file coords-v6.csv (CSV, C-alpha atoms)
chain,number,residue,atom,x,y,z
A,1023,ARG,CA,4.6,-18.0,-13.9
A,1024,LEU,CA,4.3,-15.7,-11.0
A,1025,ALA,CA,1.5,-17.8,-9.4
A,1026,LYS,CA,3.8,-20.9,-9.7
A,1027,TYR,CA,6.7,-18.9,-8.2
A,1028,VAL,CA,4.6,-17.7,-5.2
A,1029,GLN,CA,3.3,-21.2,-4.6
A,1030,GLU,CA,6.8,-22.6,-4.5
A,1031,LEU,CA,8.1,-19.7,-2.4
A,1032,LEU,CA,5.3,-19.3,0.1
A,1033,GLY,CA,2.9,-22.3,-0.4
A,1034,LEU,CA,0.2,-19.8,-1.3
A,1035,ASP,CA,-2.2,-20.5,-4.2
A,1036,ILE,CA,-3.0,-17.5,-6.3
A,1037,ASP,CA,-6.0,-16.9,-8.6
A,1038,VAL,CA,-4.3,-16.3,-12.0
A,1039,ASP,CA,-7.5,-14.5,-13.2
A,1040,SER,CA,-7.2,-11.9,-10.4
A,1041,MET,CA,-5.7,-8.5,-10.9
A,1042,PHE,CA,-2.1,-8.5,-9.8
A,1043,ASP,CA,-1.5,-5.3,-7.8
A,1044,CYS,CA,2.2,-4.8,-7.2
A,1045,GLN,CA,4.3,-2.5,-5.0
A,1046,PHE,CA,8.0,-3.5,-5.2
A,1047,LYS,CA,10.6,-1.0,-4.1
A,1048,ARG,CA,12.8,-0.1,-1.2
A,1049,ILE,CA,10.7,0.1,2.0
A,1050,HIS,CA,10.7,3.7,3.1
A,1051,GLU,CA,8.0,5.9,4.7
A,1052,TYR,CA,8.1,8.4,1.9
A,1053,LYS,CA,7.3,5.7,-0.6
A,1054,ARG,CA,4.1,5.2,1.4
A,1055,GLN,CA,3.9,1.4,1.6
A,1056,LEU,CA,1.9,2.1,4.8
A,1057,MET,CA,-0.8,3.8,2.7
A,1058,ASN,CA,-1.0,0.6,0.6
A,1059,CYS,CA,-1.5,-1.3,3.8
A,1060,LEU,CA,-4.3,0.9,5.0
A,1061,PHE,CA,-6.0,0.6,1.6
A,1062,LEU,CA,-5.7,-3.2,1.8
A,1063,ILE,CA,-7.4,-3.1,5.2
A,1064,HIS,CA,-10.2,-0.9,3.8
A,1065,ARG,CA,-10.7,-3.3,0.9
A,1066,TYR,CA,-10.8,-6.2,3.3
A,1067,LEU,CA,-13.4,-4.6,5.5
A,1068,THR,CA,-15.5,-3.6,2.5
A,1069,ILE,CA,-15.6,-7.1,1.2
A,1070,LYS,CA,-16.2,-8.6,4.6
A,1071,GLU,CA,-19.2,-6.4,5.2
A,1072,ALA,CA,-20.7,-6.9,1.7
A,1073,PRO,CA,-23.6,-9.3,1.2
A,1074,PRO,CA,-22.5,-12.5,-0.7
A,1075,ALA,CA,-24.3,-11.3,-3.9
A,1076,GLU,CA,-22.4,-8.0,-3.8
A,1077,ARG,CA,-19.1,-9.8,-3.2
A,1078,ALA,CA,-19.6,-11.8,-6.3
A,1079,LYS,CA,-19.5,-8.6,-8.4
A,1080,ILE,CA,-16.1,-7.5,-7.0
A,1081,GLN,CA,-13.0,-7.8,-9.2
A,1082,SER,CA,-10.7,-10.3,-7.6
A,1083,ARG,CA,-7.3,-8.8,-6.7
A,1084,THR,CA,-4.0,-10.1,-5.4
A,1085,ALA,CA,-1.8,-7.6,-3.7
A,1086,PHE,CA,1.9,-8.2,-3.8
A,1087,MET,CA,4.6,-6.2,-1.9
A,1088,GLY,CA,8.3,-6.6,-1.9
A,1089,GLY,CA,11.4,-4.7,-1.0
A,1090,LYS,CA,14.2,-4.4,1.5
A,1091,ALA,CA,14.5,-2.1,4.6
A,1092,ALA,CA,17.7,-0.7,6.0
A,1093,PRO,CA,18.8,-2.8,9.1
A,1094,GLY,CA,18.1,-0.1,11.6
A,1095,TYR,CA,15.0,1.4,10.0
A,1096,LYS,CA,12.4,0.4,12.7
A,1097,ASN,CA,9.3,1.9,11.1
A,1098,ALA,CA,10.1,0.3,7.7
A,1099,LYS,CA,10.3,-3.1,9.4
A,1100,THR,CA,7.1,-2.5,11.3
A,1101,ILE,CA,5.4,-1.7,8.0
A,1102,ILE,CA,6.6,-5.0,6.5
A,1103,LYS,CA,5.3,-6.8,9.6
A,1104,LEU,CA,1.9,-5.0,9.3
A,1105,PHE,CA,1.6,-6.1,5.6
A,1106,THR,CA,2.4,-9.7,6.4
A,1107,SER,CA,-0.1,-9.7,9.2
A,1108,ILE,CA,-2.8,-8.2,7.0
A,1109,ALA,CA,-2.0,-10.9,4.4
A,1110,TRP,CA,-2.3,-13.6,7.0
A,1111,VAL,CA,-5.8,-12.4,8.1
A,1112,ILE,CA,-7.0,-11.9,4.5
A,1113,ASN,CA,-5.8,-15.2,3.2
A,1114,ASP,CA,-7.2,-17.1,6.1
A,1115,ASP,CA,-10.7,-15.6,5.8
A,1116,PRO,CA,-13.0,-17.7,3.7
A,1117,ASP,CA,-15.4,-14.8,3.1
A,1118,VAL,CA,-12.7,-12.6,1.6
A,1119,ALA,CA,-10.0,-14.8,0.2
A,1120,PRO,CA,-11.9,-15.6,-3.1
A,1121,TYR,CA,-11.9,-11.9,-3.9
A,1122,LEU,CA,-8.7,-10.6,-2.2
A,1123,ARG,CA,-5.3,-12.2,-1.4
A,1124,ALA,CA,-2.0,-10.7,-0.4
A,1125,ALA,CA,1.6,-11.8,-0.2
A,1126,PHE,CA,4.9,-10.2,0.8
A,1127,LEU,CA,7.7,-11.7,-1.3
A,1128,PRO,CA,10.9,-11.6,0.6
A,1129,ASN,CA,14.4,-10.9,-0.6
A,1130,TYR,CA,13.3,-8.8,-3.7
A,1131,GLY,CA,16.0,-8.6,-6.3
A,1132,VAL,CA,16.7,-8.9,-10.0
A,1133,SER,CA,15.8,-12.6,-10.3
A,1134,MET,CA,12.4,-12.0,-8.6
A,1135,ALA,CA,11.8,-8.8,-10.6
A,1136,GLN,CA,12.1,-10.9,-13.8
A,1137,VAL,CA,9.1,-12.9,-12.7
A,1138,VAL,CA,7.1,-10.1,-11.0
A,1139,ILE,CA,7.3,-7.2,-13.4
A,1140,PRO,CA,6.0,-8.9,-16.6
A,1141,ALA,CA,3.0,-10.3,-14.6
A,1142,SER,CA,1.9,-7.0,-13.1
A,1143,ASP,CA,-1.5,-5.6,-14.1
A,1144,LEU,CA,-1.3,-2.6,-11.8
A,1145,SER,CA,1.8,-1.2,-10.0
A,1146,GLU,CA,1.9,1.3,-7.2
A,1147,HIS,CA,4.3,4.3,-7.2
A,1148,ILE,CA,2.6,6.5,-4.6
A,1149,SER,CA,5.3,8.6,-2.9
A,1150,VAL,CA,4.1,12.0,-1.8
A,1151,ALA,CA,4.7,14.6,-4.5
A,1152,GLY,CA,8.2,16.2,-4.2
A,1153,THR,CA,10.0,13.4,-2.5
A,1154,GLU,CA,11.0,11.0,-5.3
A,1155,ALA,CA,14.1,12.1,-7.2
A,1156,SER,CA,13.3,10.0,-10.2
A,1157,GLY,CA,12.4,6.4,-9.8
A,1158,THR,CA,13.1,3.6,-12.3
A,1159,GLY,CA,11.0,0.8,-11.0
A,1160,ASN,CA,7.9,2.5,-12.5
A,1161,MET,CA,9.7,2.7,-15.8
A,1162,LYS,CA,10.2,-1.1,-15.8
A,1163,PHE,CA,6.6,-1.8,-14.9
A,1164,ALA,CA,5.4,0.6,-17.6
A,1165,MET,CA,7.7,-0.9,-20.3
A,1166,ASN,CA,6.3,-4.4,-19.5
A,1167,GLY,CA,2.7,-3.2,-20.2
A,1168,GLY,CA,1.3,-2.8,-16.8
A,1169,LEU,CA,-0.8,0.1,-15.7
A,1170,LEU,CA,0.5,2.5,-13.0
A,1171,ILE,CA,-1.3,4.2,-10.1
A,1172,GLY,CA,0.7,7.0,-8.7
A,1173,THR,CA,1.2,10.6,-7.7
A,1174,MET,CA,2.6,13.5,-9.8
A,1175,ASP,CA,6.1,12.6,-8.5
A,1176,GLY,CA,9.4,11.4,-10.0
A,1177,ALA,CA,9.3,9.6,-13.3
A,1178,ASN,CA,5.5,9.1,-13.1
A,1179,ILE,CA,5.2,12.6,-14.7
A,1180,GLU,CA,7.3,11.7,-17.7
A,1181,ILE,CA,5.7,8.3,-18.1
A,1182,ARG,CA,2.3,10.0,-18.2
A,1183,GLU,CA,3.5,12.4,-20.8
A,1184,GLU,CA,5.1,9.7,-23.0
A,1185,CYS,CA,2.6,6.9,-22.6
A,1186,GLY,CA,-0.6,8.8,-22.3
A,1187,GLU,CA,-3.0,9.6,-19.5
A,1188,ASP,CA,-4.7,6.2,-19.8
A,1189,ALA,CA,-1.5,4.4,-18.8
A,1190,VAL,CA,-1.2,6.1,-15.4
A,1191,PHE,CA,-3.9,6.7,-12.8
A,1192,ILE,CA,-2.9,9.9,-11.0
A,1193,PHE,CA,-4.2,10.9,-7.6
A,1194,GLY,CA,-3.2,13.1,-4.6
A,1195,CYS,CA,-1.8,16.5,-4.2
A,1196,ARG,CA,0.8,18.2,-6.4
A,1197,GLU,CA,4.1,19.3,-4.9
A,1198,ASP,CA,3.1,23.0,-4.8
A,1199,GLU,CA,0.0,22.1,-2.8
A,1200,VAL,CA,1.9,20.4,0.0
A,1201,PRO,CA,2.8,23.5,2.1
A,1202,ASP,CA,-0.8,24.6,2.1
A,1203,ILE,CA,-2.0,21.2,3.4
A,1204,GLN,CA,0.6,21.4,6.1
A,1205,GLU,CA,-0.5,24.9,7.1
A,1206,ARG,CA,-4.2,23.9,7.2
A,1207,ALA,CA,-3.2,20.9,9.4
A,1208,ARG,CA,-1.5,23.2,11.9
A,1209,ASN,CA,-4.8,25.2,12.0
A,1210,GLY,CA,-6.8,22.1,12.7
A,1211,ASP,CA,-8.1,21.5,9.2
A,1212,TYR,CA,-6.9,18.0,8.4
A,1213,PRO,CA,-9.9,15.8,8.7
A,1214,VAL,CA,-9.6,12.0,8.8
A,1215,ASP,CA,-12.0,10.3,6.3
A,1216,PRO,CA,-14.5,8.1,8.1
A,1217,ARG,CA,-13.4,5.1,6.0
A,1218,LEU,CA,-9.9,5.6,7.1
A,1219,TRP,CA,-11.0,6.0,10.7
A,1220,LYS,CA,-12.6,2.5,10.5
A,1221,VAL,CA,-9.2,1.2,9.3
A,1222,PHE,CA,-7.5,2.9,12.3
A,1223,GLU,CA,-10.0,1.3,14.7
A,1224,ALA,CA,-9.5,-2.2,13.2
A,1225,ILE,CA,-5.7,-1.8,13.9
A,1226,TRP,CA,-6.3,-0.4,17.4
A,1227,ASN,CA,-8.7,-3.2,18.2
A,1228,GLY,CA,-6.0,-5.8,17.3
A,1229,LEU,CA,-7.6,-7.3,14.2
A,1230,PHE,CA,-4.3,-7.6,12.5
A,1231,SER,CA,-2.0,-8.2,15.5
A,1232,ILE,CA,-2.8,-12.0,15.6
A,1233,GLY,CA,-2.4,-12.1,19.3
A,1234,ASP,CA,1.1,-10.6,19.3
A,1235,SER,CA,1.2,-7.9,21.9
A,1236,GLU,CA,4.5,-6.5,20.7
A,1237,ALA,CA,3.3,-6.2,17.1
A,1238,HIS,CA,0.1,-4.6,18.3
A,1239,ALA,CA,2.0,-1.9,20.1
A,1240,GLN,CA,4.2,-1.3,17.1
A,1241,PHE,CA,1.2,-1.1,14.7
A,1242,CYS,CA,-0.7,1.2,17.1
A,1243,GLY,CA,2.4,3.4,17.3
A,1244,LEU,CA,2.2,4.0,13.5
A,1245,ILE,CA,-1.5,4.8,13.7
A,1246,ASP,CA,-1.3,7.0,16.8
A,1247,LYS,CA,1.2,9.2,14.9
A,1248,LEU,CA,-1.1,9.4,11.8
A,1249,SER,CA,-4.0,10.5,14.0
A,1250,ASN,CA,-2.1,13.4,15.4
A,1251,THR,CA,-3.6,15.5,12.7
A,1252,ARG,CA,-2.3,18.9,13.7
A,1253,ALA,CA,1.3,17.7,13.2
A,1254,ALA,CA,0.7,16.5,9.6
A,1255,GLY,CA,3.8,17.0,7.5
A,1256,THR,CA,6.1,16.7,10.5
A,1257,TRP,CA,7.8,13.7,12.2
A,1258,GLU,CA,5.3,14.0,15.1
A,1259,GLY,CA,2.3,13.3,12.8
A,1260,ASP,CA,1.5,12.2,9.3
A,1261,ARG,CA,4.9,13.1,7.9
A,1262,TYR,CA,4.1,12.0,4.3
A,1263,LEU,CA,0.5,13.0,4.1
A,1264,LEU,CA,-1.2,9.6,3.8

call {"tool": "encode", "arguments": {"input": "coords-v6.csv", "output": "structure tokens"}}
result
Amino acid sequence: RLAKYVQELLGLDIDVDSMFDCQFKRIHEYKRQLMNCLFLIHRYLTIKEAPPAERAKIQSRTAFMGGKAAPGYKNAKTIIKLFTSIAWVINDDPDVAPYLRAAFLPNYGVSMAQVVIPASDLSEHISVAGTEASGTGNMKFAMNGGLLIGTMDGANIEIREECGEDAVFIFGCREDEVPDIQERARNGDYPVDPRLWKVFEAIWNGLFSIGDSEAHAQFCGLIDKLSNTRAAGTWEGDRYLL
């Protein structure tokens, strides 16, 4: 049903046997859709660099994102543009598209949710610990049988307690660990993983700008801020500890 919906909406063919990886929520930096974008690039580069025999062993995945941004929220709109540009590159690459596809579904609302949520295999609720007041989208995805990946934040905690640890894949720091991470960053101890640095370089080199100089400047602006490691936890750096 979701594959048919996407084909009619976007003209994109989806592998119904792929894992449907969904992140649908209001677009906001603390909800860390940008981290999902960075992971998607990492997965793209990994598949692209893998020999054909190794690619054939990779679980096919389709990444869906949806949500609305406030009219004046520039960074949120840039994140949407980045995801759609990543999707364009991935879907147009014959080496990668059989194993990874991506689609941003515009104008997310109740009607779309009725199609998306029951189809989800994995949903992402990855706000930095201590920023989500509760969250109800994760409840809807969990009640429809999908697995969750998330942080110890908001209703993820209660879902894990009620549904069991095998229903929620937890990662990242706890709320009480955040101040120590920020303090270490101020002291210069906030290293960038080499795999993440490769993602930064791909963006800086324009791989996902598709020849759009304005988009390239916007994307680089996001990454330049993340790479200001001593300012992690502040608006001058990696505010939400990606």

call {"tool": "residues_around", "arguments": {"input": "coords-v6.csv", "residues": "Leu1067 (chain A)", "least_positions_apart": "5", "cutoff": "9 Å", "atoms": "only C-alpha atoms", "output": "ChimeraX atom specification"}}
result
/A:1062,1072,1118,1220-1221,1224

call {"tool": "atom_distance", "arguments": {"input": "coords-v6.csv", "atom1": "CA of Ala1141 (chain A)", "atom2": "CA of Phe1042 (chain A)"}}
result
7.2 Å

call {"tool": "residues_around", "arguments": {"input": "coords-v6.csv", "residues": "Cys1185 (chain A)", "least_positions_apart": "4", "cutoff": "12 Å", "atoms": "only C-alpha atoms", "output": "VMD selection string"}}
result
chain A and resid 1161 1164 to 1165 1167 to 1170 1177 to 1181 1189 to 1191

call {"tool": "atom_distance", "arguments": {"input": "coords-v6.csv", "atom1": "CA of Ile1112 (chain A)", "atom2": "CA of Glu1076 (chain A)"}}
result
17.9 Å

call {"tool": "closest_residue", "arguments": {"input": "coords-v6.csv", "among": "A:Val1111, A:Ala1078, A:Ile1036, A:Leu1263", "to": "Thr1153 (chain A)", "atoms": "all atoms listed in the file"}}
result
A:Leu1263

call {"tool": "residues_around", "arguments": {"input": "coords-v6.csv", "residues": "Arg1252 (chain A)", "least_positions_apart": "6", "cutoff": "9 Å", "atoms": "only C-alpha atoms", "output": "PyMOL selection string"}}
result
chain A and resi 1204+1206-1212+1259-1260

call {"tool": "write_last_selection", "arguments": {"input": "coords-v6.csv", "atoms": "C-alpha atoms", "output": "tab-separated table (two decimals), in the coordinates of the input"}}
result
chain	number	residue	atom	x	y	z
A	1204	GLN	CA	0.60	21.40	6.10
A	1206	ARG	CA	-4.20	23.90	7.20
A	1207	ALA	CA	-3.20	20.90	9.40
A	1208	ARG	CA	-1.50	23.20	11.90
A	1209	ASN	CA	-4.80	25.20	12.00
A	1210	GLY	CA	-6.80	22.10	12.70
A	1211	ASP	CA	-8.10	21.50	9.20
A	1212	TYR	CA	-6.90	18.00	8.40
A	1259	GLY	CA	2.30	13.30	12.80
A	1260	ASP	CA	1.50	12.20	9.30

call {"tool": "residues_around", "arguments": {"input": "coords-v6.csv", "residues": "region 1054-1059 of chain A", "least_positions_apart": "5", "cutoff": "12 Å", "atoms": "only C-alpha atoms", "output": "PyMOL selection string"}}
result
chain A and resi 1043-1049+1064-1066+1085-1091+1097-1109+1112+1124-1126+1145-1151+1153-1154+1171-1173+1218+1221-1222+1225+1230+1241+1244-1245+1248+1260-1264

call {"tool": "closest_residue", "arguments": {"input": "coords-v6.csv", "among": "A:Gly1186, A:Trp1226, A:Leu1127, A:Lys1070", "to": "Ala1025 (chain A)", "atoms": "only C-alpha atoms"}}
result
A:Leu1127

call {"tool": "closest_residue", "arguments": {"input": "coords-v6.csv", "among": "A:Leu1122, A:His1050, A:Trp1110, A:Gly1033", "to": "Leu1229 (chain A)", "atoms": "all atoms listed in the file"}}
result
A:Trp1110

call {"tool": "residues_around", "arguments": {"input": "coords-v6.csv", "residues": "Ile1139 (chain A)", "least_positions_apart": "4", "cutoff": "7 Å", "atoms": "all atoms listed in the file", "output": "PyMOL selection string"}}
result
chain A and resi 1135+1163+1166

call {"tool": "atom_distance", "arguments": {"input": "coords-v6.csv", "atom1": "CA of Asn1250 (chain A)", "atom2": "CA of Val1200 (chain A)"}}
result
17.4 Å

call {"tool": "decode", "arguments": {"input": "coords-v6.csv", "residues": "region 1230-1241 of chain A", "atoms": "all heavy atoms", "output": "tab-separated table (two decimals), in the first residue's frame"}}
result
chain	number	residue	atom	x	y	z
A	1230	PHE	N	26.31	16.11	-3.02
A	1230	PHE	CA	24.85	16.13	-2.89
A	1230	PHE	C	24.25	17.50	-3.19
A	1230	PHE	O	23.06	17.72	-2.93
A	1230	PHE	CB	24.46	15.66	-1.48
A	1230	PHE	CG	24.96	14.27	-1.19
A	1230	PHE	CD1	26.14	14.09	-0.48
A	1230	PHE	CD2	24.30	13.16	-1.67
A	1230	PHE	CE1	26.63	12.81	-0.25
A	1230	PHE	CE2	24.78	11.88	-1.44
A	1230	PHE	CZ	25.95	11.71	-0.72
A	1231	SER	N	25.05	18.40	-3.75
A	1231	SER	CA	24.55	19.73	-4.09
A	1231	SER	C	23.93	19.78	-5.47
A	1231	SER	O	23.22	20.73	-5.81
A	1231	SER	CB	25.69	20.76	-4.00
A	1231	SER	OG	26.27	20.76	-2.71
A	1232	ILE	N	24.21	18.78	-6.30
A	1232	ILE	CA	23.62	18.62	-7.63
A	1232	ILE	C	23.79	19.90	-8.46
A	1232	ILE	O	22.87	20.35	-9.15
A	1232	ILE	CB	22.14	18.20	-7.54
A	1232	ILE	CG1	21.93	17.20	-6.41
A	1232	ILE	CG2	21.67	17.58	-8.84
A	1232	ILE	CD1	20.49	16.80	-6.18
A	1233	GLY	N	24.97	20.52	-8.34
A	1233	GLY	CA	25.26	21.70	-9.14
A	1233	GLY	C	24.58	22.98	-8.69
A	1233	GLY	O	24.69	24.01	-9.37
A	1234	ASP	N	23.92	22.94	-7.54
A	1234	ASP	CA	23.21	24.12	-7.02
A	1234	ASP	C	24.13	24.83	-6.02
A	1234	ASP	O	24.31	24.35	-4.89
A	1234	ASP	CB	21.91	23.66	-6.35
A	1234	ASP	CG	21.04	24.82	-5.87
A	1234	ASP	OD1	21.59	25.90	-5.60
A	1234	ASP	OD2	19.81	24.63	-5.75
A	1235	SER	N	24.70	25.96	-6.41
A	1235	SER	CA	25.67	26.65	-5.55
A	1235	SER	C	25.03	27.17	-4.27
A	1235	SER	O	25.67	27.18	-3.21
A	1235	SER	CB	26.33	27.79	-6.33
A	1235	SER	OG	25.35	28.71	-6.79
A	1236	GLU	N	23.79	27.61	-4.36
A	1236	GLU	CA	23.11	28.10	-3.16
A	1236	GLU	C	22.88	26.97	-2.16
A	1236	GLU	O	23.13	27.12	-0.96
A	1236	GLU	CB	21.77	28.74	-3.53
A	1236	GLU	CG	21.02	29.32	-2.34
A	1236	GLU	CD	19.70	29.95	-2.71
A	1236	GLU	OE1	19.39	30.00	-3.92
A	1236	GLU	OE2	18.97	30.38	-1.80
A	1237	ALA	N	22.41	25.83	-2.66
A	1237	ALA	CA	22.21	24.67	-1.79
A	1237	ALA	C	23.54	24.22	-1.19
A	1237	ALA	O	23.61	23.87	0.00
A	1237	ALA	CB	21.56	23.52	-2.56
A	1238	HIS	N	24.60	24.23	-2.01
A	1238	HIS	CA	25.92	23.81	-1.52
A	1238	HIS	C	26.36	24.68	-0.35
A	1238	HIS	O	26.84	24.17	0.67
A	1238	HIS	CB	26.93	23.89	-2.66
A	1238	HIS	CG	28.31	23.46	-2.26
A	1238	HIS	ND1	28.62	22.16	-1.92
A	1238	HIS	CD2	29.47	24.17	-2.14
A	1238	HIS	CE1	29.90	22.07	-1.61
A	1238	HIS	NE2	30.43	23.28	-1.73
A	1239	ALA	N	26.17	25.98	-0.45
A	1239	ALA	CA	26.55	26.89	0.63
A	1239	ALA	C	25.73	26.60	1.89
A	1239	ALA	O	26.26	26.63	3.01
A	1239	ALA	CB	26.35	28.34	0.19
A	1240	GLN	N	24.45	26.31	1.71
A	1240	GLN	CA	23.60	26.01	2.86
A	1240	GLN	C	24.01	24.70	3.53
A	1240	GLN	O	24.09	24.62	4.76
A	1240	GLN	CB	22.14	25.94	2.41
A	1240	GLN	CG	21.57	27.28	1.98
A	1240	GLN	CD	20.21	27.14	1.30
A	1240	GLN	OE1	19.81	26.06	0.88
A	1240	GLN	NE2	19.49	28.25	1.20
A	1241	PHE	N	24.28	23.68	2.72
A	1241	PHE	CA	24.69	22.39	3.28
A	1241	PHE	C	26.03	22.51	4.01
A	1241	PHE	O	26.20	21.97	5.11
A	1241	PHE	CB	24.80	21.33	2.18
A	1241	PHE	CG	23.52	21.06	1.42
A	1241	PHE	CD1	23.55	20.43	0.18
A	1241	PHE	CD2	22.29	21.42	1.95
A	1241	PHE	CE1	22.39	20.17	-0.52
A	1241	PHE	CE2	21.10	21.17	1.25
A	1241	PHE	CZ	21.17	20.54	0.01
